[in-house]
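Peer 1: Dumping the structure here so I can ask a few things about it.
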Amino acid sequence: MLPTSLDEAVEALAASPAAVPVAGGTDLMEAVNAGRLRPAALIGLGRITELRGWRYEDGGTAVLGAGLTLARMDRPDFAALIPALADAARTAGPPQTRNVGTLGGNIATAAPAGDTLPVLAALEASVTLARPGVTREVPVSHLLTGLDPMRPGELLTWVRVPLLNAPQVFLKATGRSGPSRATASVALVLDPARRAVRCAVGAVAPVPLRPLEAEAWVAGCIDWDARGEEGVPAIDPAAAAAFGEYVASACVPDGYGGDAASGLPAEGPTAEALRLRRTVAVLARRALGRALK
Amino acid sequence: MTNHPVHPVDERPCASYTLRVNGFERPVTDAWIGESLLYVLRERLGLAGAKNGCEQGECGACSVQVDGQLVAGCLVPAALAADSEISTVEGLSAGGAASDVQQALADSGAVQCGYCTPGMAMAVHDLLQRNHRPSEVEARQALCGNLCRCTGYRSALAAVQTVADARSAALLEAEEAAAEGVGEAAEPAAADASAQGRQAPVQAPAPAEPEVPDLPVYQDAWTETAAAGEVPVFGNDDSGWIVAQPFEAPQAFDTPQPFEAPQPFDTPQPFEAPQAFDQPQAYEAAQGFEAAQHFEGTRMPGPAHPAQPAGGYEPSPTAVGTGVGVGVIPPQGYPGYEATAYGPGTVYASGATYEPTPAHGTSAPGAPFEGTPAHGTPYEPTPAHGTPYGTPAQGTPYPGYPDQQYAGTPYEGAGYEGTPYDRASYDGVGYDGTVYEPAPAAPYDATPAHGLRLPEDDHA
Ligand SMILES: Cc1cc2nc3c(=O)[nH]c(=O)nc-3n(C[C@H](O)[C@H](O)[C@H](O)COP(=O)(O)OP(=O)(O)OC[C@H]3O[C@@H](n4cnc5c(N)ncnc54)[C@H](O)[C@@H]3O)c2cc1C
Ligand code: FES
Ligand code: FES
């Protein structure tokens, strides 16, 4: 069924709790085609126009509809608003899936390689979950880590993102040059008002990771007053490189890729850990460099 | 994380609905709600144009438009597309004639097995609807969700440019005609038709035979601008170009004859009907393209050929769609093409027969006769898209072989035994000791998406 308003959809989901909401269907149909899912009923969210755009809220917040497509987020007006999210959306799959795949679907799927997730984590966004007559606001980090998961019959409706009006970068490493899922990704946003750097690493763990100590450390290394001035480096290149290493070792454990079951005492980091750390370090260093350029 | 039900009530819930496909209402009865649009189109409605390559959204063979958006048909629940406008590849061709996009794909040699072609045609059609003058980067990005395992993408990219050129030429002409006040109703119709992706009516300049105004559409970094009639072979002046003499350069011109039989075109769908291919014009253009590909693949540094005199032949005026990839395709039908005895299985003086080199330059550079995958000789697959790894990719000069190794190259010699490549590989004579340093292990971050390297990547 194809409800045309949010209320209708929420009611429909409450009326038939076994039904599956379908936004773009790109993750859902993949599971159906592969035989991993047999839906009892489908509730199409594509006709709910109110969820396909965004609005502004007092206090410098953008409220993004869950039905915002990845392709829409790549357009210049949105990219001017939340550049890192636009960058993430641009790299999330081929045009055929970005045309219909949505922000809400990306969050609800919560795949380790979900590209919007590290950005939302770095931005400290929150989501609104709706049931008939009730809504609740959950930080994205709580939702993703399972501290406060989505409950049956709930619909993800809005995503609240603070507007920082400062450079932000999303970088992603993939296994091939065409569109593909991330092997590692880094989202980095500057918060000049608080003189803070916020960074999240995606795809290396089931949920995006925040290297909080590295963030705090590098914020102290940045010459915030020189930022944006012509010809003055806002950060020592060596500090930027060290930040990369710091982030990488914080997010990739020594035993990464090792066989935990075999229980062999790990002698230093595994080869996989070293390789992934290198990738993450380069991404983080570059992201910082670009944000401060 | 997702709130899927664990135990569905009904094991196989079904629905009946009506799809609007290419402007026609098509009822679907009692279909399982999990059926994809691709499945319903192919199995229930008999529209087999869209292909099932993966059912996972990866390959793009199932591309269709839903409400004007290009989507993967395999990922659309058909039941939810009920009040949408669906266009498929069958709708591209009005009255059974291939659309300009389809014709250009065929002419530029973008079709080998043809499995990717319906999806590719939809993607090109969709791109040109949104963007009448796509740049190469835009075209690559638009086609990046369409995998082709036979041909590669260069000829498809060339087809994009051919159609864009032809349409804007048609549009311009129509505007001019309208400005002159000659025609009343015909010209706008022509302009409209060409914008719609159809062949313009006859009164408009036929896009089937445009004059292919500027040539190389997509060039590799190593090429320089070439004029019509030049064949991309490696020259002795390092420019990457010499003017070819009709088939004095033998070995590469052995086309695997992809168009021999119209076997991939199995269904009576408009595009797949072989009518696009039984025109000798399409066939020859494709053949020419293959030939060019081979040259590219087997190009060697150093003075491989004596430079050929320019002006050996005239570019054929009907060279539709030959502005392909590597620049320009040798005009079809030039003297001696058919007669040249360099087909597969040709027996050379040494007694060795020649096997076709696989297309796309997959053979090791500098080894035109050996080391090709066809012989089972181990070879290093070149990383895609010129990734700067250790393997010398296509077009990388080979510093390991001193130039004189190539004097008197295979083109003149009769046999294979004495090719410099043999010596170089087997007894080390030829190596000047240069060792290929693999790029430092940066397996993933080195290449940003789509193979585009941004300048700031090197110093962030
Ligand atoms: C070929 C291919 C490549 C891809 N590459 C990438 C990639 O590089 N990066 C990346 O991040 N993703 C990638 N994806 C995944 C996918 O495109 C995205 O995750 C997309 O954002 C999913 O959105 P959707 O609207 O299609 O979700 P759907 O498939 O419609 O839904 C996914 C799940 O979320 C639930 N859901 C959707 N909307 C809501 C809502 N409002 N409330 C509650 N539940 C909801 C559905 O019930 C379903 O369980 C790729 C997919 C494909 C097929
Ligand atoms: S079959 Fe749909 S993308 Fe491959
Ligand atoms: S897959 Fe593209 S022609 Fe065969």
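Naming works like this for the structure tokens: A, B, ... for the chains as they're shown, residue 1 at the start of each chain, ligands 1 onward in shown order.
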Give as a list in words the residues surrounding ligand 3 up to a distance of 7 Å, considering only C-alpha atoms and all ligand atoms.

Peer 2: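 The distance check yields Ala110, Val111, Gln112, Cys113, Gly114, Tyr115, Cys116, Thr117, Leu147, Cys148, Arg149, Cys150 and Thr151 of chain B.
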
Peer 1: What's around A:Val134 at 12 Å? Count only C-alpha atoms, leave out sequence neighbours fewer than 6 positions away in its own chain, and write the answer as an MDAnalysis selection string.

Peer 2: chainID A and resid 7 10:11 14 128 153:155 157

Peer 1: Give me a file of those residues, with N, CA, C and O atoms, as a compact mmCIF listing (two decimals), in the first residue's frame.

Peer 2:
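Result saved to selection04.txt:
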```
# COMPACT_ATOMS: atom_id res chain seq x y z
N ASP A 7 0.97 10.55 8.72
CA ASP A 7 0.02 9.99 9.69
C ASP A 7 -0.56 8.69 9.18
O ASP A 7 -0.68 7.71 9.91
N VAL A 10 1.98 5.93 9.50
CA VAL A 10 2.17 5.50 10.88
C VAL A 10 0.98 4.65 11.32
O VAL A 10 1.15 3.59 11.94
N GLU A 11 -0.22 5.08 10.94
CA GLU A 11 -1.41 4.31 11.27
C GLU A 11 -1.36 2.94 10.60
O GLU A 11 -1.67 1.92 11.22
N ALA A 14 0.91 0.66 12.34
CA ALA A 14 0.37 0.21 13.62
C ALA A 14 -0.71 -0.83 13.40
O ALA A 14 -0.82 -1.81 14.15
N THR A 128 14.06 11.18 14.72
CA THR A 128 12.74 11.11 15.32
C THR A 128 12.09 9.80 14.91
O THR A 128 12.08 9.47 13.72
N GLY A 153 7.07 -1.47 14.66
CA GLY A 153 5.96 -0.56 14.45
C GLY A 153 6.37 0.90 14.44
O GLY A 153 5.52 1.77 14.26
N GLU A 154 7.65 1.17 14.62
CA GLU A 154 8.08 2.57 14.60
C GLU A 154 8.55 2.95 13.21
O GLU A 154 9.12 2.14 12.48
N LEU A 155 8.33 4.20 12.89
CA LEU A 155 8.76 4.72 11.60
C LEU A 155 9.78 5.82 11.86
O LEU A 155 9.58 6.67 12.73
N THR A 157 11.20 9.14 10.95
CA THR A 157 10.59 10.22 10.18
C THR A 157 11.55 11.35 9.87
O THR A 157 11.65 11.79 8.73
```

Peer 1: Which residues come within 9 Å of stretch 228-237 of chain A, counting only C-alpha atoms, excluding same-chain residues fewer than 4 positions away, as a PDB file with all heavy atoms, in the first residue's frame?

Peer 2:
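Everything below was put into part-v2.pdb:
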```pdb
ATOM      1  N   VAL A 218      43.741  16.936  18.682  1.00  0.00           N
ATOM      2  CA  VAL A 218      44.043  17.713  17.479  1.00  0.00           C
ATOM      3  C   VAL A 218      43.407  19.098  17.540  1.00  0.00           C
ATOM      4  O   VAL A 218      43.931  20.056  16.978  1.00  0.00           O
ATOM      5  CB  VAL A 218      43.635  16.949  16.201  1.00  0.00           C
ATOM      6  CG1 VAL A 218      42.146  17.046  15.943  1.00  0.00           C
ATOM      7  CG2 VAL A 218      44.410  17.464  15.009  1.00  0.00           C
ATOM      8  N   CYS A 221      45.829  21.435  18.638  1.00  0.00           N
ATOM      9  CA  CYS A 221      46.965  21.695  17.745  1.00  0.00           C
ATOM     10  C   CYS A 221      46.614  22.691  16.651  1.00  0.00           C
ATOM     11  O   CYS A 221      47.483  23.124  15.899  1.00  0.00           O
ATOM     12  CB  CYS A 221      47.411  20.407  17.067  1.00  0.00           C
ATOM     13  SG  CYS A 221      47.954  19.144  18.199  1.00  0.00           S
ATOM     14  N   ILE A 222      45.335  22.992  16.527  1.00  0.00           N
ATOM     15  CA  ILE A 222      44.912  23.842  15.407  1.00  0.00           C
ATOM     16  C   ILE A 222      45.010  25.310  15.804  1.00  0.00           C
ATOM     17  O   ILE A 222      44.602  25.705  16.889  1.00  0.00           O
ATOM     18  CB  ILE A 222      43.461  23.494  14.993  1.00  0.00           C
ATOM     19  CG1 ILE A 222      43.424  22.082  14.416  1.00  0.00           C
ATOM     20  CG2 ILE A 222      42.926  24.492  13.997  1.00  0.00           C
ATOM     21  CD1 ILE A 222      42.041  21.577  14.128  1.00  0.00           C
ATOM     22  N   ASP A 223      45.567  26.081  14.915  1.00  0.00           N
ATOM     23  CA  ASP A 223      45.602  27.524  15.109  1.00  0.00           C
ATOM     24  C   ASP A 223      44.272  28.082  14.588  1.00  0.00           C
ATOM     25  O   ASP A 223      44.123  28.398  13.409  1.00  0.00           O
ATOM     26  CB  ASP A 223      46.791  28.101  14.319  1.00  0.00           C
ATOM     27  CG  ASP A 223      46.914  29.594  14.525  1.00  0.00           C
ATOM     28  OD1 ASP A 223      46.013  30.186  15.154  1.00  0.00           O
ATOM     29  OD2 ASP A 223      47.902  30.166  14.057  1.00  0.00           O
ATOM     30  N   TRP A 224      43.289  28.135  15.477  1.00  0.00           N
ATOM     31  CA  TRP A 224      41.933  28.462  15.035  1.00  0.00           C
ATOM     32  C   TRP A 224      41.838  29.851  14.453  1.00  0.00           C
ATOM     33  O   TRP A 224      40.999  30.125  13.606  1.00  0.00           O
ATOM     34  CB  TRP A 224      40.937  28.291  16.187  1.00  0.00           C
ATOM     35  CG  TRP A 224      40.729  26.853  16.545  1.00  0.00           C
ATOM     36  CD1 TRP A 224      41.393  26.162  17.509  1.00  0.00           C
ATOM     37  CD2 TRP A 224      39.830  25.928  15.927  1.00  0.00           C
ATOM     38  NE1 TRP A 224      40.965  24.851  17.528  1.00  0.00           N
ATOM     39  CE2 TRP A 224      40.000  24.689  16.582  1.00  0.00           C
ATOM     40  CE3 TRP A 224      38.899  26.029  14.897  1.00  0.00           C
ATOM     41  CZ2 TRP A 224      39.276  23.554  16.223  1.00  0.00           C
ATOM     42  CZ3 TRP A 224      38.172  24.907  14.559  1.00  0.00           C
ATOM     43  CH2 TRP A 224      38.369  23.682  15.208  1.00  0.00           C
ATOM     44  N   ALA A 241      49.529  14.497  10.347  1.00  0.00           N
ATOM     45  CA  ALA A 241      49.888  13.098  10.125  1.00  0.00           C
ATOM     46  C   ALA A 241      49.741  12.302  11.417  1.00  0.00           C
ATOM     47  O   ALA A 241      49.229  11.169  11.414  1.00  0.00           O
ATOM     48  CB  ALA A 241      51.315  13.000   9.589  1.00  0.00           C
ATOM     49  N   ALA A 242      50.172  12.900  12.509  1.00  0.00           N
ATOM     50  CA  ALA A 242      50.055  12.203  13.784  1.00  0.00           C
ATOM     51  C   ALA A 242      48.593  11.980  14.143  1.00  0.00           C
ATOM     52  O   ALA A 242      48.222  10.933  14.687  1.00  0.00           O
ATOM     53  CB  ALA A 242      50.745  13.017  14.881  1.00  0.00           C
ATOM     54  N   ARG A 285      44.024  11.963   7.853  1.00  0.00           N
ATOM     55  CA  ARG A 285      44.960  13.069   7.630  1.00  0.00           C
ATOM     56  C   ARG A 285      44.460  13.965   6.503  1.00  0.00           C
ATOM     57  O   ARG A 285      44.439  15.178   6.596  1.00  0.00           O
ATOM     58  CB  ARG A 285      46.337  12.505   7.272  1.00  0.00           C
ATOM     59  CG  ARG A 285      47.421  13.540   7.248  1.00  0.00           C
ATOM     60  CD  ARG A 285      48.642  13.024   6.502  1.00  0.00           C
ATOM     61  NE  ARG A 285      48.388  12.993   5.074  1.00  0.00           N
ATOM     62  CZ  ARG A 285      48.838  12.060   4.253  1.00  0.00           C
ATOM     63  NH1 ARG A 285      49.546  11.059   4.722  1.00  0.00           N
ATOM     64  NH2 ARG A 285      48.575  12.117   2.964  1.00  0.00           N
ATOM     65  N   GLY A 289      43.303  17.842   6.548  1.00  0.00           N
ATOM     66  CA  GLY A 289      43.954  18.801   5.657  1.00  0.00           C
ATOM     67  C   GLY A 289      42.944  19.561   4.814  1.00  0.00           C
ATOM     68  O   GLY A 289      43.026  20.772   4.651  1.00  0.00           O
ATOM     69  N   LEU A 292      40.861  22.084   6.805  1.00  0.00           N
ATOM     70  CA  LEU A 292      41.574  23.275   7.263  1.00  0.00           C
ATOM     71  C   LEU A 292      42.129  24.092   6.119  1.00  0.00           C
ATOM     72  O   LEU A 292      42.778  25.108   6.347  1.00  0.00           O
ATOM     73  CB  LEU A 292      42.712  22.867   8.203  1.00  0.00           C
ATOM     74  CG  LEU A 292      42.258  22.294   9.544  1.00  0.00           C
ATOM     75  CD1 LEU A 292      43.439  21.771  10.322  1.00  0.00           C
ATOM     76  CD2 LEU A 292      41.510  23.356  10.354  1.00  0.00           C
ATOM     77  N   LYS A 293      41.904  23.665   4.916  1.00  0.00           N
ATOM     78  CA  LYS A 293      42.494  24.370   3.780  1.00  0.00           C
ATOM     79  C   LYS A 293      41.812  25.714   3.558  1.00  0.00           C
ATOM     80  O   LYS A 293      40.625  25.845   3.677  1.00  0.00           O
ATOM     81  CB  LYS A 293      42.404  23.525   2.522  1.00  0.00           C
ATOM     82  CG  LYS A 293      43.391  23.928   1.494  1.00  0.00           C
ATOM     83  CD  LYS A 293      43.750  22.749   0.622  1.00  0.00           C
ATOM     84  CE  LYS A 293      42.488  22.229  -0.064  1.00  0.00           C
ATOM     85  NZ  LYS A 293      42.735  21.052  -0.846  1.00  0.00           N
TER      86      LYS A 293
ATOM     87  N   ALA B 460      47.619  16.504   1.033  1.00  0.00           N
ATOM     88  CA  ALA B 460      46.485  16.954   1.832  1.00  0.00           C
ATOM     89  C   ALA B 460      46.999  17.445   3.176  1.00  0.00           C
ATOM     90  O   ALA B 460      48.010  16.971   3.659  1.00  0.00           O
ATOM     91  CB  ALA B 460      45.514  15.825   2.047  1.00  0.00           C
TER      92      ALA B 460
END
```

Peer 1: Taking into account only C-alpha atoms, which residue in the set A:Val119, A:Ala110, A:Ala281, A:Leu274 is nearest to chain B?

Peer 2: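 Using only C-alpha atoms, chain B sits closest to A:Ala110.
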
Peer 1: Could you pull out all residues of stretch 113-268 of chain A with a DSSP call of alpha helix (DSSP H) and give them as a VMD selection string?

Peer 2: chain A and resid 116 to 123 140 to 145 212 to 221 237 to 251

Peer 1: Could you list, as a PDB file with N, CA, C and O atoms, in the first residue's frame, all protein and nucleic acid residues with an atom at most 7 Å from ligand 2, counting only C-alpha atoms and all ligand atoms?

Peer 2:
```pdb
ATOM      1  N   LYS B  51      17.460  -6.885 -18.498  1.00  0.00           N
ATOM      2  CA  LYS B  51      18.086  -8.187 -18.240  1.00  0.00           C
ATOM      3  C   LYS B  51      18.338  -8.375 -16.751  1.00  0.00           C
ATOM      4  O   LYS B  51      18.570  -7.407 -16.019  1.00  0.00           O
ATOM      5  N   ASN B  52      18.345  -9.621 -16.360  1.00  0.00           N
ATOM      6  CA  ASN B  52      18.667  -9.929 -14.980  1.00  0.00           C
ATOM      7  C   ASN B  52      20.126 -10.354 -14.884  1.00  0.00           C
ATOM      8  O   ASN B  52      20.495 -11.441 -15.272  1.00  0.00           O
ATOM      9  N   GLY B  53      20.934  -9.451 -14.368  1.00  0.00           N
ATOM     10  CA  GLY B  53      22.349  -9.771 -14.273  1.00  0.00           C
ATOM     11  C   GLY B  53      22.761 -10.189 -12.879  1.00  0.00           C
ATOM     12  O   GLY B  53      23.678 -10.973 -12.700  1.00  0.00           O
ATOM     13  N   CYS B  54      22.094  -9.648 -11.868  1.00  0.00           N
ATOM     14  CA  CYS B  54      22.586  -9.924 -10.523  1.00  0.00           C
ATOM     15  C   CYS B  54      21.472  -9.922  -9.481  1.00  0.00           C
ATOM     16  O   CYS B  54      21.615 -10.504  -8.434  1.00  0.00           O
ATOM     17  N   GLU B  55      20.383  -9.240  -9.756  1.00  0.00           N
ATOM     18  CA  GLU B  55      19.289  -9.071  -8.789  1.00  0.00           C
ATOM     19  C   GLU B  55      19.749  -8.386  -7.517  1.00  0.00           C
ATOM     20  O   GLU B  55      19.093  -8.475  -6.494  1.00  0.00           O
ATOM     21  N   GLN B  56      20.881  -7.742  -7.544  1.00  0.00           N
ATOM     22  CA  GLN B  56      21.390  -7.102  -6.340  1.00  0.00           C
ATOM     23  C   GLN B  56      21.705  -5.629  -6.564  1.00  0.00           C
ATOM     24  O   GLN B  56      22.378  -5.014  -5.750  1.00  0.00           O
ATOM     25  N   GLY B  57      21.303  -5.108  -7.677  1.00  0.00           N
ATOM     26  CA  GLY B  57      21.520  -3.691  -7.913  1.00  0.00           C
ATOM     27  C   GLY B  57      22.910  -3.339  -8.369  1.00  0.00           C
ATOM     28  O   GLY B  57      23.224  -2.162  -8.526  1.00  0.00           O
ATOM     29  N   GLU B  58      23.754  -4.342  -8.598  1.00  0.00           N
ATOM     30  CA  GLU B  58      25.147  -4.033  -8.884  1.00  0.00           C
ATOM     31  C   GLU B  58      25.426  -3.797 -10.358  1.00  0.00           C
ATOM     32  O   GLU B  58      26.343  -3.071 -10.695  1.00  0.00           O
ATOM     33  N   CYS B  59      24.666  -4.433 -11.242  1.00  0.00           N
ATOM     34  CA  CYS B  59      25.138  -4.495 -12.624  1.00  0.00           C
ATOM     35  C   CYS B  59      24.445  -3.533 -13.573  1.00  0.00           C
ATOM     36  O   CYS B  59      24.979  -3.209 -14.616  1.00  0.00           O
ATOM     37  N   GLY B  60      23.257  -3.107 -13.259  1.00  0.00           N
ATOM     38  CA  GLY B  60      22.590  -2.129 -14.110  1.00  0.00           C
ATOM     39  C   GLY B  60      21.948  -2.701 -15.361  1.00  0.00           C
ATOM     40  O   GLY B  60      21.370  -1.959 -16.143  1.00  0.00           O
ATOM     41  N   ALA B  61      22.029  -4.015 -15.565  1.00  0.00           N
ATOM     42  CA  ALA B  61      21.442  -4.598 -16.783  1.00  0.00           C
ATOM     43  C   ALA B  61      19.921  -4.478 -16.786  1.00  0.00           C
ATOM     44  O   ALA B  61      19.290  -4.589 -17.823  1.00  0.00           O
ATOM     45  N   CYS B  62      19.353  -4.260 -15.598  1.00  0.00           N
ATOM     46  CA  CYS B  62      17.907  -4.203 -15.485  1.00  0.00           C
ATOM     47  C   CYS B  62      17.394  -2.768 -15.452  1.00  0.00           C
ATOM     48  O   CYS B  62      16.242  -2.542 -15.089  1.00  0.00           O
ATOM     49  N   SER B  63      18.246  -1.805 -15.792  1.00  0.00           N
ATOM     50  CA  SER B  63      17.863  -0.392 -15.648  1.00  0.00           C
ATOM     51  C   SER B  63      16.590  -0.059 -16.416  1.00  0.00           C
ATOM     52  O   SER B  63      16.461  -0.386 -17.597  1.00  0.00           O
ATOM     53  N   ALA B  72      17.231   0.589 -10.816  1.00  0.00           N
ATOM     54  CA  ALA B  72      17.477  -0.823 -11.082  1.00  0.00           C
ATOM     55  C   ALA B  72      16.143  -1.546 -10.919  1.00  0.00           C
ATOM     56  O   ALA B  72      15.578  -1.587  -9.829  1.00  0.00           O
ATOM     57  N   GLY B  73      15.624  -2.096 -12.007  1.00  0.00           N
ATOM     58  CA  GLY B  73      14.313  -2.738 -11.970  1.00  0.00           C
ATOM     59  C   GLY B  73      14.261  -3.880 -10.966  1.00  0.00           C
ATOM     60  O   GLY B  73      13.211  -4.178 -10.400  1.00  0.00           O
ATOM     61  N   CYS B  74      15.412  -4.502 -10.709  1.00  0.00           N
ATOM     62  CA  CYS B  74      15.421  -5.644  -9.797  1.00  0.00           C
ATOM     63  C   CYS B  74      15.213  -5.205  -8.355  1.00  0.00           C
ATOM     64  O   CYS B  74      14.961  -6.037  -7.500  1.00  0.00           O
ATOM     65  N   LEU B  75      15.352  -3.907  -8.060  1.00  0.00           N
ATOM     66  CA  LEU B  75      15.221  -3.455  -6.684  1.00  0.00           C
ATOM     67  C   LEU B  75      13.936  -2.676  -6.442  1.00  0.00           C
ATOM     68  O   LEU B  75      13.761  -2.058  -5.401  1.00  0.00           O
TER      69      LEU B  75
END
```

Peer 1: List all protein, DNA and RNA residues that have any atom at most 7 Å from ligand 1, counting only C-alpha atoms and all ligand atoms, and write the list as a ChimeraX atom specification.

Peer 2: /A:20-30,66-67,70,91-94,97-98,100-106,108-109,113-116,154-157,179-182 /B:2-4,56-58

Peer 1: Can you pull out every residue within 8 Å of B:Arg140, counting only C-alpha atoms, but drop anything in the same chain fewer than 3 positions away, and send it as a list of chain:residue names?

Peer 2: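 Surrounding residues, per the criterion: B:Glu136, B:Val137, B:Leu143, B:Cys144, B:Leu157, B:His450.
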
Peer 1: In Å, how far is it from atom CA of A:Leu64 to atom CA of A:Trp158?

Peer 2: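 For atom CA of A:Leu64 relative to atom CA of A:Trp158, the distance reads 5.6 Å.
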
Peer 1: For stretch 194-202 of chain A, work out the shell of residues within 9 Å, counting only C-alpha atoms and skipping chain neighbours fewer than 6 positions away, then give it as a ChimeraX atom specification.

Peer 2: /A:112-115,117-124,172,182-188,208-212,214-216,218-220,222,224,247-248,251,280,284,288

Peer 1: Near stretch 27-36 of chain B, counting only C-alpha atoms, which residues have an atom at most 9 Å away, once you skip same-chain residues fewer than 4 positions from it, shown as a ChimeraX atom specification?

Peer 2: /A:29,32-33,37-42 /B:12-20,40-41,44-45,55,73-80
